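Undergrad: Dropping in input.cif, with mmCIF, C-alpha atoms.
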data_protein
#
loop_
_atom_site.group_PDB
_atom_site.id
_atom_site.type_symbol
_atom_site.label_atom_id
_atom_site.label_comp_id
_atom_site.auth_asym_id
_atom_site.auth_seq_id
_atom_site.Cartn_x
_atom_site.Cartn_y
_atom_site.Cartn_z
ATOM 1 C CA MET V 1 22.730 3.131 0.875
ATOM 2 C CA SER V 2 21.468 6.666 1.060
ATOM 3 C CA ILE V 3 17.929 7.914 1.380
ATOM 4 C CA HIS V 4 18.785 10.683 -1.036
ATOM 5 C CA ASP V 5 20.219 8.250 -3.553
ATOM 6 C CA ILE V 6 17.273 5.934 -3.139
ATOM 7 C CA ILE V 7 14.972 8.368 -4.807
ATOM 8 C CA GLU V 8 17.088 7.351 -7.761
ATOM 9 C CA GLY V 9 19.858 9.816 -7.624
ATOM 10 C CA LYS V 10 20.434 13.369 -6.616
ATOM 11 C CA LYS V 11 18.527 14.770 -9.570
ATOM 12 C CA GLN V 12 15.306 13.123 -8.449
ATOM 13 C CA TRP V 13 15.880 14.200 -4.876
ATOM 14 C CA ARG V 14 16.292 17.790 -6.035
ATOM 15 C CA ALA V 15 13.092 17.504 -8.033
ATOM 16 C CA HIS V 16 11.411 16.161 -4.897
ATOM 17 C CA VAL V 17 12.682 19.096 -2.820
ATOM 18 C CA ALA V 18 11.445 21.498 -5.492
ATOM 19 C CA ARG V 19 7.956 19.963 -5.285
ATOM 20 C CA VAL V 20 7.999 20.408 -1.504
ATOM 21 C CA LYS V 21 8.968 24.056 -1.940
ATOM 22 C CA ALA V 22 6.072 24.567 -4.337
ATOM 23 C CA LEU V 23 3.489 23.408 -1.763
ATOM 24 C CA PRO V 24 1.373 26.020 0.077
ATOM 25 C CA PRO V 25 3.108 27.161 3.304
ATOM 26 C CA ASP V 26 0.962 25.122 5.722
ATOM 27 C CA TYR V 27 1.562 21.931 3.717
ATOM 28 C CA ARG V 28 5.277 22.683 3.450
ATOM 29 C CA ILE V 29 5.608 23.148 7.216
ATOM 30 C CA VAL V 30 3.844 19.893 7.993
ATOM 31 C CA TYR V 31 5.800 17.993 5.343
ATOM 32 C CA GLN V 32 9.142 19.212 6.667
ATOM 33 C CA GLU V 33 8.339 18.430 10.286
ATOM 34 C CA MET V 34 7.076 14.986 9.292
ATOM 35 C CA GLN V 35 10.196 14.274 7.267
ATOM 36 C CA ARG V 36 12.331 15.246 10.242
ATOM 37 C CA TYR V 37 10.340 12.844 12.424
ATOM 38 C CA LEU V 38 10.594 10.025 9.881
ATOM 39 C CA PHE V 39 14.365 10.446 9.568
ATOM 40 C CA LYS V 40 14.663 10.004 13.320
ATOM 41 C CA VAL V 41 12.336 7.028 13.553
ATOM 42 C CA GLY V 42 13.991 5.403 10.523
ATOM 43 C CA PRO V 43 11.305 3.146 9.062
ATOM 44 C CA VAL V 44 12.625 0.680 6.505
ATOM 45 C CA ALA V 45 9.973 1.960 4.079
ATOM 46 C CA LEU V 46 11.885 5.254 3.975
ATOM 47 C CA THR V 47 14.330 3.759 1.518
ATOM 48 C CA ASP V 48 11.916 2.115 -0.873
ATOM 49 C CA GLY V 49 11.729 5.502 -2.549
ATOM 50 C CA THR V 50 7.954 5.890 -2.500
ATOM 51 C CA LEU V 51 7.106 6.975 1.051
ATOM 52 C CA LEU V 52 8.230 10.613 0.860
ATOM 53 C CA PRO V 53 7.175 11.301 -2.753
ATOM 54 C CA GLY V 54 3.860 9.599 -1.910
ATOM 55 C CA ILE V 55 3.243 12.123 0.851
ATOM 56 C CA VAL V 56 3.952 14.956 -1.572
ATOM 57 C CA ASP V 57 1.524 13.435 -4.138
ATOM 58 C CA PHE V 58 -1.133 13.279 -1.464
ATOM 59 C CA PHE V 59 -0.426 16.827 -0.249
ATOM 60 C CA GLU V 60 -0.508 18.225 -3.799
ATOM 61 C CA GLU V 61 -3.917 16.650 -4.288
ATOM 62 C CA GLY V 62 -5.162 18.043 -0.985
ATOM 63 C CA ALA V 63 -3.843 21.514 -1.768
ATOM 64 C CA ALA V 64 -5.421 21.397 -5.245
ATOM 65 C CA SER V 65 -8.792 20.660 -3.647
ATOM 66 C CA GLY V 66 -8.464 23.833 -1.570
ATOM 67 C CA LYS V 67 -8.263 22.176 1.844
ATOM 68 C CA GLY V 68 -5.930 23.199 4.643
ATOM 69 C CA VAL V 69 -3.372 20.595 5.618
ATOM 70 C CA LEU V 70 -4.838 19.821 9.055
ATOM 71 C CA GLU V 71 -8.274 19.514 7.503
ATOM 72 C CA LEU V 72 -6.764 16.850 5.248
ATOM 73 C CA ILE V 73 -4.804 14.776 7.763
ATOM 74 C CA GLY V 74 -6.337 15.727 11.131
ATOM 75 C CA GLU V 75 -4.865 17.680 14.047
ATOM 76 C CA ASP V 76 -2.640 14.858 15.261
ATOM 77 C CA VAL V 77 0.171 14.986 12.702
ATOM 78 C CA ALA V 78 2.242 12.415 14.607
ATOM 79 C CA ALA V 79 -0.635 9.916 14.485
ATOM 80 C CA PHE V 80 -0.828 10.421 10.713
ATOM 81 C CA ALA V 81 2.944 9.939 10.405
ATOM 82 C CA ASP V 82 2.791 6.767 12.513
ATOM 83 C CA GLY V 83 -0.072 5.495 10.369
ATOM 84 C CA LEU V 84 2.169 5.758 7.304
ATOM 85 C CA ILE V 85 4.762 3.419 8.801
ATOM 86 C CA LYS V 86 2.580 1.262 11.024
ATOM 87 C CA ASP V 87 3.365 -2.073 9.427
ATOM 88 C CA THR V 88 7.006 -1.532 8.534
ATOM 89 C CA PRO V 89 9.866 -2.218 10.956
ATOM 90 C CA THR V 90 12.403 0.481 11.760
ATOM 91 C CA TYR V 91 16.131 0.191 11.110
ATOM 92 C CA ALA V 92 16.622 0.284 14.853
ATOM 93 C CA GLU V 93 14.490 -2.843 15.217
ATOM 94 C CA ALA V 94 16.432 -4.588 12.474
ATOM 95 C CA TYR V 95 19.690 -3.521 14.099
ATOM 96 C CA GLN V 96 18.659 -4.652 17.574
ATOM 97 C CA GLU V 97 17.701 -8.002 16.148
ATOM 98 C CA ALA V 98 21.041 -8.321 14.379
ATOM 99 C CA VAL V 99 23.092 -7.561 17.499
ATOM 100 C CA GLY V 100 20.875 -9.833 19.555
ATOM 101 C CA GLY V 101 19.951 -7.092 22.009
ATOM 102 C CA ALA V 102 16.476 -6.807 23.449
ATOM 103 C CA GLY V 103 14.478 -4.091 21.740
ATOM 104 C CA ASP V 104 13.168 -2.765 25.006
ATOM 105 C CA MET J 1 -21.686 10.334 16.678
ATOM 106 C CA ASP J 2 -18.538 11.800 18.156
ATOM 107 C CA ASP J 3 -15.258 10.175 19.044
ATOM 108 C CA LEU J 4 -15.623 6.818 17.352
ATOM 109 C CA THR J 5 -11.929 6.730 16.542
ATOM 110 C CA GLU J 6 -10.912 4.120 19.088
ATOM 111 C CA MET J 7 -13.823 1.835 18.334
ATOM 112 C CA LEU J 8 -13.382 2.104 14.577
ATOM 113 C CA LYS J 9 -9.666 1.441 14.633
ATOM 114 C CA GLY J 10 -9.806 -2.272 13.958
ATOM 115 C CA THR J 11 -12.635 -2.112 11.452
ATOM 116 C CA LEU J 12 -11.758 0.823 9.232
ATOM 117 C CA GLU J 13 -9.522 -1.269 6.974
ATOM 118 C CA GLY J 14 -12.407 -3.684 6.431
ATOM 119 C CA CYS J 15 -14.749 -0.791 5.610
ATOM 120 C CA VAL J 16 -12.289 0.571 3.058
ATOM 121 C CA LEU J 17 -11.845 -2.899 1.503
ATOM 122 C CA GLN J 18 -15.620 -3.236 1.234
ATOM 123 C CA ILE J 19 -15.964 0.162 -0.479
ATOM 124 C CA ILE J 20 -13.181 -0.648 -2.947
ATOM 125 C CA GLY J 21 -14.681 -4.099 -3.507
ATOM 126 C CA ALA J 22 -18.007 -2.575 -4.545
ATOM 127 C CA GLU J 23 -16.448 -0.517 -7.360
ATOM 128 C CA GLU J 24 -13.182 1.023 -8.484
ATOM 129 C CA THR J 25 -12.679 4.209 -6.500
ATOM 130 C CA TYR J 26 -10.142 6.728 -5.132
ATOM 131 C CA GLY J 27 -9.129 8.163 -1.767
ATOM 132 C CA TYR J 28 -11.332 11.220 -1.545
ATOM 133 C CA ALA J 29 -14.408 9.316 -2.746
ATOM 134 C CA ILE J 30 -13.790 6.674 -0.057
ATOM 135 C CA THR J 31 -13.577 9.367 2.622
ATOM 136 C CA ARG J 32 -16.798 10.928 1.328
ATOM 137 C CA ARG J 33 -18.541 7.555 1.365
ATOM 138 C CA LEU J 34 -17.477 6.998 4.990
ATOM 139 C CA GLY J 35 -18.788 10.476 5.780
ATOM 140 C CA GLU J 36 -22.164 9.664 4.227
ATOM 141 C CA LEU J 37 -22.285 6.545 6.394
ATOM 142 C CA GLY J 38 -21.894 8.761 9.441
ATOM 143 C CA PHE J 39 -18.163 8.361 10.025
ATOM 144 C CA GLY J 40 -17.612 12.050 9.514
ATOM 145 C CA ASP J 41 -14.516 12.412 11.628
ATOM 146 C CA VAL J 42 -12.495 10.020 9.490
ATOM 147 C CA VAL J 43 -10.213 12.397 7.586
ATOM 148 C CA GLU J 44 -8.660 11.815 4.176
ATOM 149 C CA GLY J 45 -5.266 11.364 5.796
ATOM 150 C CA THR J 46 -6.472 8.331 7.718
ATOM 151 C CA VAL J 47 -7.864 6.789 4.547
ATOM 152 C CA TYR J 48 -4.552 7.554 2.823
ATOM 153 C CA THR J 49 -2.590 5.623 5.453
ATOM 154 C CA ILE J 50 -4.963 2.657 5.074
ATOM 155 C CA LEU J 51 -4.653 2.706 1.273
ATOM 156 C CA LEU J 52 -0.880 2.865 1.610
ATOM 157 C CA ARG J 53 -0.905 -0.249 3.786
ATOM 158 C CA LEU J 54 -3.259 -2.080 1.414
ATOM 159 C CA GLU J 55 -0.835 -1.247 -1.386
ATOM 160 C CA ARG J 56 2.222 -2.304 0.618
ATOM 161 C CA ASN J 57 0.562 -5.602 1.508
ATOM 162 C CA GLY J 58 -0.374 -6.291 -2.107
ATOM 163 C CA LEU J 59 -4.148 -6.288 -1.609
ATOM 164 C CA VAL J 60 -5.104 -3.748 -4.278
ATOM 165 C CA GLN J 61 -4.501 -2.955 -7.896
ATOM 166 C CA ILE J 62 -3.818 0.667 -8.720
ATOM 167 C CA THR J 63 -4.400 2.669 -11.881
ATOM 168 C CA LYS J 64 -3.328 6.292 -12.193
ATOM 169 C CA ARG J 65 -5.770 8.462 -14.100
ATOM 170 C CA PRO J 66 -5.766 12.179 -14.841
ATOM 171 C CA SER J 67 -8.231 14.252 -12.805
ATOM 172 C CA GLU J 68 -10.157 17.388 -13.741
ATOM 173 C CA SER J 69 -8.513 19.371 -10.971
ATOM 174 C CA GLY J 70 -4.785 19.094 -10.515
ATOM 175 C CA PRO J 71 -2.543 16.016 -10.262
ATOM 176 C CA PRO J 72 -3.428 12.495 -11.459
ATOM 177 C CA ARG J 73 -5.426 10.308 -9.118
ATOM 178 C CA LYS J 74 -4.819 6.755 -7.943
ATOM 179 C CA PHE J 75 -7.813 4.465 -8.507
ATOM 180 C CA TYR J 76 -8.065 1.262 -6.481
ATOM 181 C CA THR J 77 -9.598 -2.163 -7.139
ATOM 182 C CA LEU J 78 -9.259 -5.332 -5.070
ATOM 183 C CA ASN J 79 -7.099 -8.191 -6.324
ATOM 184 C CA ASP J 80 -7.548 -11.823 -5.229
ATOM 185 C CA ALA J 81 -5.556 -11.306 -2.032
ATOM 186 C CA GLY J 82 -7.677 -8.224 -1.259
ATOM 187 C CA ARG J 83 -10.920 -10.144 -1.779
ATOM 188 C CA ALA J 84 -9.634 -12.901 0.506
ATOM 189 C CA ARG J 85 -8.757 -10.317 3.164
ATOM 190 C CA LEU J 86 -12.222 -8.789 2.865
ATOM 191 C CA ALA J 87 -13.866 -12.215 3.299
ATOM 192 C CA THR J 88 -11.744 -12.763 6.411
ATOM 193 C CA PHE J 89 -12.784 -9.370 7.744
ATOM 194 C CA TRP J 90 -16.504 -10.183 7.415
ATOM 195 C CA ALA J 91 -15.993 -13.603 9.000
ATOM 196 C CA LYS J 92 -14.275 -11.977 11.981
ATOM 197 C CA TRP J 93 -16.933 -9.292 12.158
ATOM 198 C CA GLU J 94 -19.635 -11.943 12.186
ATOM 199 C CA TYR J 95 -17.852 -13.803 14.981
ATOM 200 C CA VAL J 96 -17.364 -10.749 17.182
ATOM 201 C CA SER J 97 -20.754 -9.144 16.568
ATOM 202 C CA THR J 98 -22.831 -12.287 17.200
ATOM 203 C CA ARG J 99 -21.050 -12.803 20.503
ATOM 204 C CA ILE J 100 -21.442 -9.207 21.572
ATOM 205 C CA ASP J 101 -25.143 -9.346 20.659
ATOM 206 C CA LYS J 102 -25.530 -12.473 22.780
ATOM 207 C CA LEU J 103 -23.847 -10.748 25.665
ATOM 208 C CA ARG J 104 -26.214 -7.824 25.318
ATOM 209 C CA GLU J 105 -29.293 -10.055 25.154
ATOM 210 C CA GLY J 106 -28.113 -11.964 28.192
ATOM 211 C CA VAL J 107 -27.941 -15.341 26.417
ATOM 212 C CA ARG J 108 -25.764 -17.918 28.122
ATOM 213 C CA MET D 1 42.651 2.046 16.482
ATOM 214 C CA ASN D 2 39.917 4.527 15.796
ATOM 215 C CA PHE D 3 36.653 3.868 14.133
ATOM 216 C CA TRP D 4 37.650 5.188 10.745
ATOM 217 C CA GLU D 5 40.738 2.993 10.647
ATOM 218 C CA LYS D 6 38.690 0.028 11.702
ATOM 219 C CA ILE D 7 36.459 0.279 8.702
ATOM 220 C CA THR D 8 39.121 1.161 6.162
ATOM 221 C CA GLY D 9 39.529 -1.632 3.694
ATOM 222 C CA SER D 10 36.198 -3.218 4.488
ATOM 223 C CA ASP D 11 33.528 -3.378 1.828
ATOM 224 C CA LEU D 12 31.728 -0.726 3.795
ATOM 225 C CA SER D 13 34.398 1.867 3.180
ATOM 226 C CA ARG D 14 32.634 3.080 0.062
ATOM 227 C CA ASP D 15 29.517 3.937 2.069
ATOM 228 C CA TRP D 16 31.630 5.583 4.690
ATOM 229 C CA LYS D 17 33.595 7.632 2.211
ATOM 230 C CA ALA D 18 30.294 8.927 0.901
ATOM 231 C CA PHE D 19 29.183 9.741 4.457
ATOM 232 C CA GLU D 20 32.446 11.558 5.099
ATOM 233 C CA ALA D 21 32.058 13.620 1.956
ATOM 234 C CA ARG D 22 28.491 14.555 2.902
ATOM 235 C CA ALA D 23 29.528 15.409 6.473
ATOM 236 C CA GLU D 24 32.316 17.648 5.114
ATOM 237 C CA ALA D 25 29.686 19.765 3.427
ATOM 238 C CA LEU D 26 27.813 20.429 6.701
ATOM 239 C CA PRO D 27 28.243 23.619 8.755
ATOM 240 C CA PRO D 28 30.817 23.148 11.589
ATOM 241 C CA GLU D 29 28.238 22.821 14.377
ATOM 242 C CA TYR D 30 26.479 20.077 12.448
ATOM 243 C CA ARG D 31 29.735 18.368 11.541
ATOM 244 C CA ALA D 32 30.625 18.184 15.228
ATOM 245 C CA ALA D 33 27.239 16.675 16.062
ATOM 246 C CA TRP D 34 27.734 14.101 13.306
ATOM 247 C CA GLY D 35 31.096 13.133 14.804
ATOM 248 C CA GLN D 36 29.425 12.619 18.158
ATOM 249 C CA ILE D 37 26.644 10.543 16.659
ATOM 250 C CA VAL D 38 29.139 8.301 14.874
ATOM 251 C CA SER D 39 31.261 7.773 17.977
ATOM 252 C CA HIS D 40 28.231 6.964 20.119
ATOM 253 C CA ALA D 41 26.761 4.621 17.551
ATOM 254 C CA PHE D 42 29.411 2.029 18.327
ATOM 255 C CA PRO D 43 29.128 1.725 22.085
ATOM 256 C CA HIS D 44 30.585 -1.697 22.655
ATOM 257 C CA GLY D 45 33.038 -1.873 19.813
ATOM 258 C CA ASN D 46 30.764 -4.551 18.526
ATOM 259 C CA PHE D 47 31.248 -3.887 14.885
ATOM 260 C CA THR D 48 28.079 -4.133 12.873
ATOM 261 C CA GLY D 49 28.573 -1.312 10.431
ATOM 262 C CA ARG D 50 26.379 -2.847 7.805
ATOM 263 C CA ASN D 51 23.327 -2.717 10.037
ATOM 264 C CA LEU D 52 24.114 0.732 11.283
ATOM 265 C CA THR D 53 24.609 2.206 7.819
ATOM 266 C CA PRO D 54 20.935 2.975 7.137
ATOM 267 C CA ILE D 55 20.461 4.342 10.660
ATOM 268 C CA LEU D 56 23.391 6.694 10.250
ATOM 269 C CA ASP D 57 22.278 7.623 6.752
ATOM 270 C CA SER D 58 18.927 8.624 8.102
ATOM 271 C CA ALA D 59 20.618 10.709 10.847
ATOM 272 C CA LEU D 60 22.902 12.366 8.310
ATOM 273 C CA SER D 61 19.947 13.144 6.063
ATOM 274 C CA LEU D 62 18.230 14.730 9.043
ATOM 275 C CA LEU D 63 21.274 16.913 9.697
ATOM 276 C CA GLU D 64 21.505 17.893 6.024
ATOM 277 C CA GLU D 65 17.857 18.832 5.755
ATOM 278 C CA THR D 66 17.762 20.835 8.961
ATOM 279 C CA ALA D 67 21.105 22.570 8.295
ATOM 280 C CA ALA D 68 19.595 23.714 5.017
ATOM 281 C CA ASP D 69 16.688 25.167 6.994
ATOM 282 C CA GLY D 70 19.111 27.120 9.181
ATOM 283 C CA LEU D 71 18.064 25.490 12.455
ATOM 284 C CA SER D 72 20.466 25.011 15.348
ATOM 285 C CA VAL D 73 21.673 21.512 16.152
ATOM 286 C CA ARG D 74 20.196 21.780 19.616
ATOM 287 C CA GLU D 75 16.790 22.543 18.197
ATOM 288 C CA VAL D 76 16.906 19.357 16.161
ATOM 289 C CA LEU D 77 18.682 16.822 18.362
ATOM 290 C CA GLY D 78 18.230 18.265 21.846
ATOM 291 C CA ASP D 79 21.029 18.404 24.410
ATOM 292 C CA ASP D 80 21.582 14.713 24.850
ATOM 293 C CA ILE D 81 23.315 13.464 21.706
ATOM 294 C CA PRO D 82 24.450 10.139 23.259
ATOM 295 C CA GLY D 83 20.853 9.462 24.314
ATOM 296 C CA PHE D 84 19.577 10.533 20.932
ATOM 297 C CA THR D 85 22.019 8.213 19.174
ATOM 298 C CA ALA D 86 21.146 5.276 21.420
ATOM 299 C CA ALA D 87 17.484 5.893 20.619
ATOM 300 C CA LEU D 88 18.233 5.993 16.889
ATOM 301 C CA ALA D 89 19.807 2.567 17.162
ATOM 302 C CA GLY D 90 16.839 1.305 19.165
ATOM 303 C CA GLY D 91 18.781 1.011 22.398
ATOM 304 C CA GLU D 92 17.767 1.944 25.882
ATOM 305 C CA GLY D 93 15.185 4.701 26.089
ATOM 306 C CA ALA D 94 14.194 4.356 22.433
ATOM 307 C CA ARG D 95 10.507 4.311 23.326
ATOM 308 C CA THR D 96 10.728 7.414 25.495
ATOM 309 C CA TYR D 97 12.530 9.189 22.689
ATOM 310 C CA ARG D 98 9.932 8.152 20.141
ATOM 311 C CA ASP D 99 7.232 9.690 22.368
ATOM 312 C CA ARG D 100 9.331 12.815 22.701
ATOM 313 C CA TRP D 101 9.812 13.053 18.912
ATOM 314 C CA ARG D 102 6.076 12.612 18.446
ATOM 315 C CA GLU D 103 5.300 15.469 20.831
ATOM 316 C CA GLN D 104 8.011 17.583 19.229
ATOM 317 C CA LEU D 105 6.443 17.016 15.804
ATOM 318 C CA ASN D 106 2.986 18.148 16.901
ATOM 319 C CA ARG D 107 4.351 21.049 18.918
ATOM 320 C CA ASN D 108 6.523 22.326 16.070
ATOM 321 C CA VAL D 109 3.657 22.059 13.609
ATOM 322 C CA ALA D 110 1.295 23.927 15.945
ATOM 323 C CA ARG D 111 3.853 26.659 16.602
ATOM 324 C CA LYS D 112 4.795 27.168 12.969
ATOM 325 C CA LEU D 113 1.222 27.093 11.699
ATOM 326 C CA SER D 114 0.126 29.673 14.258
ATOM 327 C CA ARG D 115 3.042 31.888 13.235
ATOM 328 C CA LEU D 116 1.794 31.566 9.670
ATOM 329 C CA GLU D 117 -1.603 32.933 10.607
ATOM 330 C CA GLY D 118 -0.209 35.699 12.774
#
Show this structure as structure tokens.
TA:
Amino acid sequence: MSIHDIIEGKKQWRAHVARVKALPPDYRIVYQEMQRYLFKVGPVALTDGTLLPGIVDFFEEGAASGKGVLELIGEDVAAFADGLIKDTPTYAEAYQEAVGGAGD
Amino acid sequence: MDDLTEMLKGTLEGCVLQIIGAEETYGYAITRRLGELGFGDVVEGTVYTILLRLERNGLVQITKRPSESGPPRKFYTLNDAGRARLATFWAKWEYVSTRIDKLREGVR
Amino acid sequence: MNFWEKITGSDLSRDWKAFEARAEALPPEYRAAWGQIVSHAFPHGNFTGRNLTPILDSALSLLEETAADGLSVREVLGDDIPGFTAALAGGEGARTYRDRWREQLNRNVARKLSRLEG
């Protein structure tokens, strides 16, 4: 199962990437850094196909209203990113549970 | 009042549920409403993460409508599960606040 | 028996063939890092490929996205790929790594936004 494929095929992923590219530079920077973070953390919600496009929806709205990205989400980008995945487990947690290892 | 973030953490979801429960509304309007109440340092992004969780937990119904400026907007109303969650929030609030008031008044 | 042989013939081989094809398309430096991640993801030979598939997919996606941005592997993963991989799988040090990734996110954003203004 691939994150790219989840957004229903490569075509949709390319369309998603094109939307990211069309964002104002400050939004694009924050989106890309957040995506990088989310790929590392690996929340299960990443593959339901709505998390990343949802962020772009929200950023497009914010940009359209003329706000800067930090004005929209606050200075602590990591706290915003964590808020997006607060109630979903990560793959690592699922994996640790499956192999019977302690998570920490 | 500055720096309410920590104190608001557990109650913000309840506030958002209450605002949605009063009438169908959308993210920016919710943030504005919180600002009018005096919670000015709650940014739209924080409200967005709360709305996302309400959606994920099946507490709201969402309708997408076109907006005057730019992309379509998501409008939120509470469903039955959302109304139940809101009732639970107020019950908990009642419990905590009456006890804290008692503590403050020195009642034993 | 190496890892690739181990999985050949399993119902996971389709996923892995797709991974291989995607890894082939990466620049050499990234391909090497991917190889390291894969080998470190199976520390005890305790084969649970199905559970690891999404973790590795997410790591591969990270490599693809950052390779496209022209970043160096070191900039993305740091020096300690075994540690990074263990953290991805939620093993020892996962919490420390999560804190580090958090700081990295805010630091990178601050640096890149200030460059934008400058």
Undergrad: May I ask you to extract the residues of chain V within 6 Å of chain J, using only C-alpha atoms, and to give them as a list of chain:residue names?
TA: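 Taken together, these residues fit the definition: V:Ala64, V:Leu72, V:Ile73, V:Gly83, V:Leu84.
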Undergrad: Could you list, as JSON, numbers by chain, the residues of chain D having an atom within 8 Å of chain V when counting all atoms listed in the file?
TA: {"D": [15, 48, 51, 52, 53, 54, 55, 57, 58, 59, 61, 62, 65, 66, 88, 89, 90, 91, 92, 93, 94, 95, 98, 101, 102, 103, 105, 106, 108, 109, 112, 113, 116]}
Undergrad: In Å, rounded to a single decimal, give me how far atom CA of J:Gly58 is from atom CA of V:Ala45.
TA: 14.6 Å
Undergrad: Which residues, written as a VMD selection string, have at least one atom at most 7 Å from stretch 35-37 of chain D, with all atoms listed in the file counted and residues fewer than 6 positions away on the same chain left out?
TA: chain D and resid 81 to 82 85
Undergrad: Excluding same-chain residues fewer than 5 positions from stretch 22-24 of chain D, what lies within 10 Å of it counting only C-alpha atoms, as JSON, numbers by chain?
TA: {"D": [16, 17, 30, 31, 32, 33, 34, 35, 60, 61, 63, 64]}
Undergrad: Would you compute, for all listed atoms of stretch 93-101 of chain J, the axis-aligned bounding box grown by 5 Å on each side, and then report its centre and edge lengths in Å rounded to one decimal, as AutoDock Vina command-line options?
TA:
--center_x -21.0 --center_y -11.5 --center_z 16.9 --size_x 18.2 --size_y 14.7 --size_z 19.4
